[in-house]
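Asker: Structure: upload.txt, compact mmCIF, C-alpha atoms and all ligand atoms.
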```txt
# COMPACT_ATOMS: atom_id res chain seq x y z
CA MET A 748 32.64 -72.92 -60.28
CA ALA A 749 32.72 -69.67 -58.39
CA LYS A 750 32.03 -69.89 -54.67
CA ILE A 751 30.84 -66.49 -53.66
CA LEU A 752 30.91 -64.56 -50.39
CA ILE A 753 29.29 -61.16 -49.99
CA LEU A 754 30.72 -59.32 -46.99
CA TYR A 755 28.93 -56.12 -46.12
CA TYR A 756 28.61 -53.40 -43.53
CA SER A 757 25.48 -51.24 -43.50
CA ARG A 758 23.92 -48.96 -40.92
CA ALA A 759 20.18 -48.29 -40.77
CA GLY A 760 19.00 -45.10 -39.07
CA GLU A 761 19.59 -41.48 -39.98
CA ASN A 762 21.61 -40.83 -43.08
CA TYR A 763 22.31 -38.13 -45.58
CA VAL A 764 20.14 -38.71 -48.66
CA ASN A 765 20.12 -36.30 -51.58
CA GLY A 766 21.14 -33.42 -49.36
CA LYS A 767 18.66 -34.16 -46.57
CA ILE A 768 18.74 -36.22 -43.39
CA GLN A 769 16.40 -39.21 -43.62
CA SER A 770 15.86 -42.23 -41.42
CA LEU A 771 16.43 -45.48 -43.30
CA GLU A 772 14.78 -48.70 -42.19
CA LYS A 773 17.28 -50.75 -44.15
CA GLY A 774 20.74 -49.47 -44.95
CA ASN A 775 21.62 -48.68 -48.56
CA THR A 776 24.52 -51.09 -48.71
CA GLN A 777 22.38 -53.92 -47.39
CA ILE A 778 19.99 -53.33 -50.30
CA CYS A 779 22.92 -53.55 -52.73
CA ALA A 780 24.43 -56.66 -51.09
CA GLU A 781 21.08 -58.40 -51.38
CA TYR A 782 20.90 -57.52 -55.07
CA ILE A 783 24.32 -59.13 -55.56
CA GLN A 784 23.16 -62.31 -53.85
CA LYS A 785 20.00 -62.38 -55.97
CA ALA A 786 22.12 -61.98 -59.12
CA VAL A 787 24.91 -64.48 -58.51
CA GLY A 788 24.00 -66.43 -55.35
CA GLY A 789 26.54 -66.98 -52.59
CA ASP A 790 26.61 -66.37 -48.86
CA LEU A 791 25.88 -63.00 -47.25
CA PHE A 792 27.88 -62.05 -44.18
CA ARG A 793 27.01 -58.90 -42.28
CA ILE A 794 29.78 -57.12 -40.40
CA GLU A 795 28.41 -55.71 -37.13
CA THR A 796 30.18 -53.91 -34.35
CA VAL A 797 29.76 -54.66 -30.64
CA ALA A 798 29.39 -50.94 -29.92
CA GLU A 799 26.47 -49.60 -31.92
CA TYR A 800 26.88 -46.33 -33.77
CA PRO A 801 24.39 -43.59 -32.89
CA ALA A 802 21.27 -43.43 -35.08
CA ASP A 803 21.84 -39.65 -35.16
CA TYR A 804 23.69 -38.85 -38.38
CA TYR A 805 26.00 -36.13 -37.08
CA ALA A 806 26.90 -38.00 -33.88
CA CYS A 807 27.78 -40.98 -36.05
CA THR A 808 29.96 -38.94 -38.40
CA ASP A 809 31.92 -37.58 -35.40
CA ILE A 810 32.67 -41.06 -34.10
CA ALA A 811 33.49 -42.37 -37.56
CA LYS A 812 35.92 -39.50 -38.15
CA GLU A 813 37.72 -40.15 -34.90
CA GLU A 814 37.95 -43.87 -35.70
CA LEU A 815 39.41 -43.12 -39.12
CA GLN A 816 41.99 -40.74 -37.65
CA LYS A 817 43.01 -43.32 -35.06
CA LYS A 818 42.89 -46.19 -37.56
CA ALA A 819 40.62 -47.88 -35.03
CA ARG A 820 39.62 -51.50 -35.47
CA PRO A 821 36.22 -51.72 -33.74
CA GLU A 822 35.36 -55.05 -32.17
CA LEU A 823 32.88 -57.17 -34.13
CA LYS A 824 29.89 -59.11 -32.82
CA GLU A 825 30.94 -62.03 -34.95
CA ALA A 826 33.84 -62.33 -37.34
CA LEU A 827 34.75 -64.75 -40.07
CA ASP A 828 38.10 -66.42 -39.54
CA SER A 829 38.41 -68.13 -42.88
CA ILE A 830 37.36 -67.63 -46.48
CA ASP A 831 39.11 -70.79 -47.66
CA SER A 832 35.91 -72.21 -49.12
CA TYR A 833 35.30 -69.17 -51.36
CA THR A 834 36.81 -68.11 -54.67
CA HIS A 835 35.14 -64.68 -55.08
CA VAL A 836 34.46 -62.07 -52.40
CA PHE A 837 32.36 -58.94 -52.80
CA VAL A 838 33.24 -56.36 -50.14
CA CYS A 839 30.39 -53.88 -49.73
CA GLY A 840 30.07 -50.87 -47.50
CA PRO A 841 29.19 -47.20 -47.25
CA CYS A 842 31.70 -44.46 -47.86
CA TRP A 843 32.56 -43.05 -44.42
CA TRP A 844 34.90 -40.11 -44.71
CA GLY A 845 36.24 -41.38 -48.00
CA THR A 846 36.75 -45.06 -47.27
CA PHE A 847 35.02 -48.09 -45.79
CA PRO A 848 34.03 -47.95 -42.10
CA MET A 849 36.90 -49.11 -39.90
CA ALA A 850 34.90 -52.19 -38.89
CA VAL A 851 35.25 -53.48 -42.45
CA PHE A 852 39.02 -53.46 -41.99
CA THR A 853 38.69 -55.27 -38.65
CA GLN A 854 37.14 -58.11 -40.65
CA LEU A 855 39.34 -57.94 -43.75
CA GLU A 856 42.57 -58.04 -41.75
CA ARG A 857 41.64 -61.36 -40.15
CA LEU A 858 41.53 -63.19 -43.47
CA ASN A 859 43.97 -64.80 -45.89
CA TRP A 860 43.28 -63.27 -49.30
CA LYS A 861 45.77 -65.22 -51.37
CA GLY A 862 44.24 -66.35 -54.67
CA LYS A 863 40.83 -64.74 -54.09
CA LYS A 864 39.09 -62.44 -56.55
CA VAL A 865 37.81 -59.37 -54.71
CA MET A 866 35.33 -56.71 -55.80
CA ALA A 867 34.40 -53.50 -53.98
CA LEU A 868 30.91 -52.05 -53.92
CA MET A 869 30.63 -48.73 -52.15
CA THR A 870 27.50 -46.69 -51.52
CA HIS A 871 28.01 -42.97 -51.10
CA GLU A 872 26.47 -39.52 -51.37
CA GLY A 873 28.99 -38.00 -53.73
CA SER A 874 32.43 -39.50 -53.11
CA GLY A 875 32.00 -42.53 -55.38
CA LEU A 876 34.46 -45.28 -54.50
CA GLY A 877 36.65 -42.71 -52.75
CA LEU A 878 39.74 -44.44 -51.40
CA GLY A 879 37.73 -47.60 -50.77
CA GLU A 880 39.09 -49.63 -53.63
CA LYS A 881 42.65 -48.49 -53.02
CA ASP A 882 42.42 -49.34 -49.31
CA LEU A 883 40.97 -52.73 -50.18
CA LYS A 884 43.92 -53.45 -52.44
CA LYS A 885 46.32 -52.52 -49.65
CA THR A 886 44.53 -54.74 -47.15
CA CYS A 887 43.73 -57.87 -49.15
CA SER A 888 47.24 -58.83 -50.16
CA GLY A 889 47.60 -61.69 -52.61
CA ALA A 890 44.10 -61.19 -54.07
CA SER A 891 43.20 -60.10 -57.59
CA PHE A 892 40.64 -57.37 -58.07
CA GLY A 893 37.61 -56.83 -60.29
CA LYS A 894 36.53 -53.31 -61.13
CA GLY A 895 34.61 -51.82 -58.23
CA LEU A 896 31.14 -50.32 -58.37
CA ALA A 897 29.99 -47.08 -56.78
CA VAL A 898 26.26 -46.70 -56.09
CA GLN A 899 24.75 -43.49 -54.79
CA GLY A 900 22.97 -44.47 -51.57
CA ALA A 901 19.81 -42.62 -52.57
CA GLN A 902 19.74 -44.72 -55.75
CA ALA A 903 20.29 -48.11 -54.08
CA GLN A 904 16.73 -49.34 -54.44
CA GLU A 905 16.57 -48.43 -58.14
CA SER A 906 20.00 -49.85 -58.96
CA GLY A 907 19.05 -53.52 -59.08
CA SER A 908 19.66 -54.02 -62.80
CA ARG A 909 22.97 -52.14 -62.73
CA ILE A 910 24.23 -54.12 -59.75
CA THR A 911 23.02 -57.39 -61.27
CA ALA A 912 24.84 -56.77 -64.56
CA TRP A 913 28.05 -55.80 -62.75
CA ALA A 914 27.99 -58.76 -60.34
CA LYS A 915 27.42 -61.25 -63.17
CA LYS A 916 30.40 -59.85 -65.05
CA MET A 917 32.63 -60.35 -62.00
CA VAL A 918 32.13 -64.09 -61.46
C1 LIG A 1001 29.66 -41.63 -40.70
C2 LIG A 1001 29.29 -41.31 -42.13
C3 LIG A 1001 30.24 -40.76 -42.98
C4 LIG A 1001 29.93 -40.53 -44.33
N1 LIG A 1001 30.92 -40.03 -45.16
C5 LIG A 1001 30.65 -39.90 -46.48
C6 LIG A 1001 31.66 -39.45 -47.39
O1 LIG A 1001 32.82 -39.19 -47.01
N2 LIG A 1001 31.35 -39.36 -48.70
C7 LIG A 1001 30.10 -39.66 -49.18
O2 LIG A 1001 29.88 -39.56 -50.37
N3 LIG A 1001 29.11 -40.08 -48.33
C8 LIG A 1001 29.35 -40.21 -47.01
N4 LIG A 1001 28.36 -40.66 -46.16
C9 LIG A 1001 27.06 -41.08 -46.72
C10 LIG A 1001 27.02 -42.60 -46.88
O3 LIG A 1001 28.17 -43.10 -47.54
C11 LIG A 1001 25.79 -43.06 -47.67
O4 LIG A 1001 24.63 -42.51 -47.15
C12 LIG A 1001 25.69 -44.59 -47.70
O5 LIG A 1001 24.82 -44.99 -48.74
C13 LIG A 1001 25.20 -45.18 -46.38
O6 LIG A 1001 25.15 -46.58 -46.51
P1 LIG A 1001 24.41 -47.50 -45.45
O7 LIG A 1001 22.97 -47.06 -45.41
O8 LIG A 1001 24.53 -48.88 -46.04
O9 LIG A 1001 25.11 -47.39 -44.16
C14 LIG A 1001 28.63 -40.84 -44.81
C15 LIG A 1001 27.67 -41.34 -43.93
C16 LIG A 1001 27.97 -41.57 -42.60
C17 LIG A 1001 26.91 -42.12 -41.67
```
As structure tokens - that is how I would like this structure written.

Answerer:
Amino acid sequence: MAKILILYYSRAGENYVNGKIQSLEKGNTQICAEYIQKAVGGDLFRIETVAEYPADYYACTDIAKEELQKKARPELKEALDSIDSYTHVFVCGPCWWGTFPMAVFTQLERLNWKGKKVMALMTHEGSGLGLGEKDLKKTCSGASFGKGLAVQGAQAQESGSRITAWAKKMV
């Protein structure tokens, strides 16, 4: 039987939604991660950084860009050290400058991926999966990969049935 882990990063606050800045109470990726759990069960684990990103959208994009350029690995409030008890791992996050936020890689690089089945879900405002899936494949060595899913952030709330169908196919 599949033992499922849903790792996700998501940032509430100001974001770019359908061409406008809006303040989100709950991040788009969190909405999607919760849909996955509702569909297939499993444990949710939220990746959170010690240093909070600014709620201001543009200030956040500046920091995120610098982190990407430096290949930063921001410190996490809490990190998982083992995924030995899981068979399937969904890795969910927003597209930040074309890939997952660097904090996602801080977490992924701590883990042994051998024999795991890994699926990417990325929320975005136009870039789709970007380089997210490719970067995941580089990072999670020894894993096999299901086909990733891109969800436009502005559509997260309405994407429950699409996410459910995809998640069920993956496990
Ligand atoms: C720092 C930052 C960088 C972003 N870069 C991109 C991008 O390169 N491509 C894109 O389509 N959307 C980009 N976005 C939009 C987010 O990917 C999108 O709003 C996402 O759904 C946010 O998810 P969250 O609410 O779970 O954090 C960016 C947003 C932020 C805050």

Asker: Out of A:Val865, A:Leu858, A:Ala798, A:Ala806, which residue has the shortest atom-to-atom distance to Leu752 (chain A) when counting only C-alpha atoms?

Answerer: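 For Leu752 (chain A), the nearest of the given residues is A:Val865.
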
Asker: Given the point (24.1, -58.5, -49.6) in the coordinates of this file, which residues lie within 12 Å, counting only C-alpha atoms, and how would they look as an MDAnalysis selection string?

Answerer: chainID A and resid 751:757 773:794 836:840 868 903 907 910:911 914

Asker: Determine, counting only C-alpha atoms, which protein, DNA and RNA residues have an atom within 10 Å of an atom of Leu855 (chain A); residues of the same chain fewer than 5 positions away are not included. Present the result as a PyMOL selection string.

Answerer: chain A and resi 754+826-828+838+849-850+860+883+886-887

Asker: One decimal, Å: what's the distance from CA of Glu795 (chain A) over to CA of Gly873 (chain A), could you say?

Answerer: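 A separation of 24.3 Å between them.
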
Asker: Figure out the distance between CA of Lys894 (chain A) and atom C7 of ligand LIG 1001 (chain A), please, to one decimal in Å.

Answerer: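 So the answer is 19.2 Å.
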
Asker: To one decimal in Å, tell me the separation between CA of Ala897 (chain A) and atom C7 of ligand LIG 1001 (chain A).

Answerer: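 These atoms are spaced 10.6 Å apart.
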
Asker: Mind listing as a PDB file with C-alpha atoms, in the coordinates of the input all residues within 6 Å of (31.2, -39.1, -41.6), counting all atoms listed in the file?

Answerer:
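Saved as selection07.pdb:
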```pdb
ATOM      1  CA  THR A 808      29.960 -38.940 -38.400  1.00  0.00           C
ATOM      2  CA  ALA A 811      33.490 -42.370 -37.560  1.00  0.00           C
ATOM      3  CA  LYS A 812      35.920 -39.500 -38.150  1.00  0.00           C
ATOM      4  CA  TRP A 843      32.560 -43.050 -44.420  1.00  0.00           C
ATOM      5  CA  TRP A 844      34.900 -40.110 -44.710  1.00  0.00           C
TER       6      TRP A 844
END
```

Asker: Kindly provide the residues of region 796-854 of chain A that approach region 767-772 of chain A to within 10 Å, each paired with its closest atom pair and their distance in Å to one decimal, based on only C-alpha atoms, listed by chain and increasing number, as a tab-separated table.

Answerer:
```
residue	atom	partner	partner_atom	distance
A:Ala802	CA	A:Ser770	CA	8.4
A:Asp803	CA	A:Ser770	CA	9.0
A:Tyr804	CA	A:Ile768	CA	7.5
A:Tyr805	CA	A:Ile768	CA	9.6
```

Asker: Kindly indicate which residue among A:Arg909, A:His871, A:Lys884, A:His835 lies nearest to ligand LIG 1001 (chain A), using only C-alpha atoms and all ligand atoms for the distances.

Answerer: A:His871

Asker: With all atoms listed in the file as the basis for distance, which of A:Gln816, A:Gln854, A:Ser829, A:Gln902 is at the shortest distance from ligand LIG 1001 (chain A)?

Answerer: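 Among the listed residues, A:Gln902 lies closest to ligand LIG 1001 (chain A).
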
Asker: From the list A:Gly893, A:Pro841, A:Gly760, A:Pro848, which residue is nearest ligand LIG 1001 (chain A) when using all atoms listed in the file?

Answerer: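 Looking only at the distances to ligand LIG 1001 (chain A), the closest residue turns out to be A:Pro841.
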
Asker: With only C-alpha atoms as the counted atoms, please give the residues lying no more than 9 Å from Gly895 (chain A), apart from itself and same-chain residues fewer than 6 positions off, as a list of chain:residue names.

Answerer: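 Everything that qualifies: A:Val865, A:Met866, A:Ala867, A:Leu868, A:Met869, A:Leu876, A:Glu880, A:Trp913.
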
Asker: For the residues selected in the previous step, produce a file with C-alpha atoms as a CSV table (one decimal), in the frame of the given file.

Answerer:
```
chain,number,residue,atom,x,y,z
A,865,VAL,CA,37.8,-59.4,-54.7
A,866,MET,CA,35.3,-56.7,-55.8
A,867,ALA,CA,34.4,-53.5,-54.0
A,868,LEU,CA,30.9,-52.0,-53.9
A,869,MET,CA,30.6,-48.7,-52.2
A,876,LEU,CA,34.5,-45.3,-54.5
A,880,GLU,CA,39.1,-49.6,-53.6
A,913,TRP,CA,28.0,-55.8,-62.8
```

Asker: Can you sort out region 807-838 of chain A so it carries N, CA and C atoms, written as an mmCIF file, in the frame of the given file?

Answerer:
```
data_model
loop_
_atom_site.group_PDB
_atom_site.id
_atom_site.type_symbol
_atom_site.label_atom_id
_atom_site.label_comp_id
_atom_site.auth_asym_id
_atom_site.auth_seq_id
_atom_site.Cartn_x
_atom_site.Cartn_y
_atom_site.Cartn_z
ATOM 1 N N CYS A 807 27.091 -39.841 -35.435
ATOM 2 C CA CYS A 807 27.780 -40.980 -36.050
ATOM 3 C C CYS A 807 28.990 -40.515 -36.866
ATOM 4 N N THR A 808 28.826 -39.401 -37.592
ATOM 5 C CA THR A 808 29.960 -38.940 -38.400
ATOM 6 C C THR A 808 31.135 -38.531 -37.496
ATOM 7 N N ASP A 809 30.831 -37.975 -36.322
ATOM 8 C CA ASP A 809 31.920 -37.580 -35.400
ATOM 9 C C ASP A 809 32.713 -38.809 -34.948
ATOM 10 N N ILE A 810 31.988 -39.838 -34.577
ATOM 11 C CA ILE A 810 32.670 -41.060 -34.100
ATOM 12 C C ILE A 810 33.459 -41.691 -35.247
ATOM 13 N N ALA A 811 32.835 -41.735 -36.409
ATOM 14 C CA ALA A 811 33.490 -42.370 -37.560
ATOM 15 C C ALA A 811 34.775 -41.618 -37.939
ATOM 16 N N LYS A 812 34.730 -40.298 -37.806
ATOM 17 C CA LYS A 812 35.920 -39.500 -38.150
ATOM 18 C C LYS A 812 37.070 -39.790 -37.184
ATOM 19 N N GLU A 813 36.702 -39.855 -35.910
ATOM 20 C CA GLU A 813 37.720 -40.150 -34.900
ATOM 21 C C GLU A 813 38.318 -41.543 -35.133
ATOM 22 N N GLU A 814 37.461 -42.495 -35.458
ATOM 23 C CA GLU A 814 37.950 -43.870 -35.700
ATOM 24 C C GLU A 814 38.892 -43.910 -36.907
ATOM 25 N N LEU A 815 38.550 -43.153 -37.928
ATOM 26 C CA LEU A 815 39.410 -43.120 -39.120
ATOM 27 C C LEU A 815 40.776 -42.523 -38.755
ATOM 28 N N GLN A 816 40.729 -41.401 -38.021
ATOM 29 C CA GLN A 816 41.990 -40.740 -37.650
ATOM 30 C C GLN A 816 42.883 -41.643 -36.808
ATOM 31 N N LYS A 817 42.238 -42.427 -35.947
ATOM 32 C CA LYS A 817 43.010 -43.320 -35.060
ATOM 33 C C LYS A 817 43.303 -44.657 -35.695
ATOM 34 N N LYS A 818 42.809 -44.861 -36.920
ATOM 35 C CA LYS A 818 42.890 -46.190 -37.560
ATOM 36 C C LYS A 818 42.363 -47.257 -36.594
ATOM 37 N N ALA A 819 41.214 -46.951 -35.999
ATOM 38 C CA ALA A 819 40.620 -47.880 -35.030
ATOM 39 C C ALA A 819 40.191 -49.167 -35.719
ATOM 40 N N ARG A 820 40.135 -50.223 -34.960
ATOM 41 C CA ARG A 820 39.620 -51.500 -35.470
ATOM 42 C C ARG A 820 38.532 -51.955 -34.506
ATOM 43 N N PRO A 821 37.302 -51.435 -34.687
ATOM 44 C CA PRO A 821 36.220 -51.720 -33.740
ATOM 45 C C PRO A 821 35.953 -53.230 -33.632
ATOM 46 N N GLU A 822 35.620 -53.630 -32.415
ATOM 47 C CA GLU A 822 35.360 -55.050 -32.170
ATOM 48 C C GLU A 822 34.057 -55.471 -32.857
ATOM 49 N N LEU A 823 34.055 -56.683 -33.406
ATOM 50 C CA LEU A 823 32.880 -57.170 -34.130
ATOM 51 C C LEU A 823 32.086 -58.164 -33.294
ATOM 52 N N LYS A 824 30.761 -58.154 -33.535
ATOM 53 C CA LYS A 824 29.890 -59.110 -32.820
ATOM 54 C C LYS A 824 30.287 -60.523 -33.184
ATOM 55 N N GLU A 825 30.551 -60.709 -34.456
ATOM 56 C CA GLU A 825 30.940 -62.030 -34.950
ATOM 57 C C GLU A 825 31.867 -61.770 -36.120
ATOM 58 N N ALA A 826 32.940 -62.558 -36.210
ATOM 59 C CA ALA A 826 33.840 -62.330 -37.340
ATOM 60 C C ALA A 826 34.122 -63.645 -38.040
ATOM 61 N N LEU A 827 34.350 -63.556 -39.319
ATOM 62 C CA LEU A 827 34.750 -64.750 -40.070
ATOM 63 C C LEU A 827 36.249 -64.933 -39.884
ATOM 64 N N ASP A 828 36.672 -66.174 -39.695
ATOM 65 C CA ASP A 828 38.100 -66.420 -39.540
ATOM 66 C C ASP A 828 38.721 -67.041 -40.772
ATOM 67 N N SER A 829 37.868 -67.491 -41.682
ATOM 68 C CA SER A 829 38.410 -68.130 -42.880
ATOM 69 C C SER A 829 37.494 -67.881 -44.074
ATOM 70 N N ILE A 830 38.136 -67.680 -45.227
ATOM 71 C CA ILE A 830 37.360 -67.630 -46.480
ATOM 72 C C ILE A 830 37.896 -68.700 -47.434
ATOM 73 N N ASP A 831 38.492 -69.726 -46.854
ATOM 74 C CA ASP A 831 39.110 -70.790 -47.660
ATOM 75 C C ASP A 831 38.130 -71.434 -48.632
ATOM 76 N N SER A 832 36.862 -71.499 -48.261
ATOM 77 C CA SER A 832 35.910 -72.210 -49.120
ATOM 78 C C SER A 832 35.336 -71.313 -50.230
ATOM 79 N N TYR A 833 35.818 -70.085 -50.327
ATOM 80 C CA TYR A 833 35.300 -69.170 -51.360
ATOM 81 C C TYR A 833 36.368 -68.831 -52.397
ATOM 82 N N THR A 834 35.885 -68.541 -53.614
ATOM 83 C CA THR A 834 36.810 -68.110 -54.670
ATOM 84 C C THR A 834 36.666 -66.605 -54.945
ATOM 85 N N HIS A 835 35.446 -66.074 -54.755
ATOM 86 C CA HIS A 835 35.140 -64.680 -55.080
ATOM 87 C C HIS A 835 34.529 -63.987 -53.867
ATOM 88 N N VAL A 836 35.010 -62.795 -53.551
ATOM 89 C CA VAL A 836 34.460 -62.070 -52.400
ATOM 90 C C VAL A 836 34.085 -60.640 -52.805
ATOM 91 N N PHE A 837 32.813 -60.325 -52.634
ATOM 92 C CA PHE A 837 32.360 -58.940 -52.800
ATOM 93 C C PHE A 837 32.464 -58.261 -51.440
ATOM 94 N N VAL A 838 33.129 -57.122 -51.390
ATOM 95 C CA VAL A 838 33.240 -56.360 -50.140
ATOM 96 C C VAL A 838 32.419 -55.077 -50.323
#
```
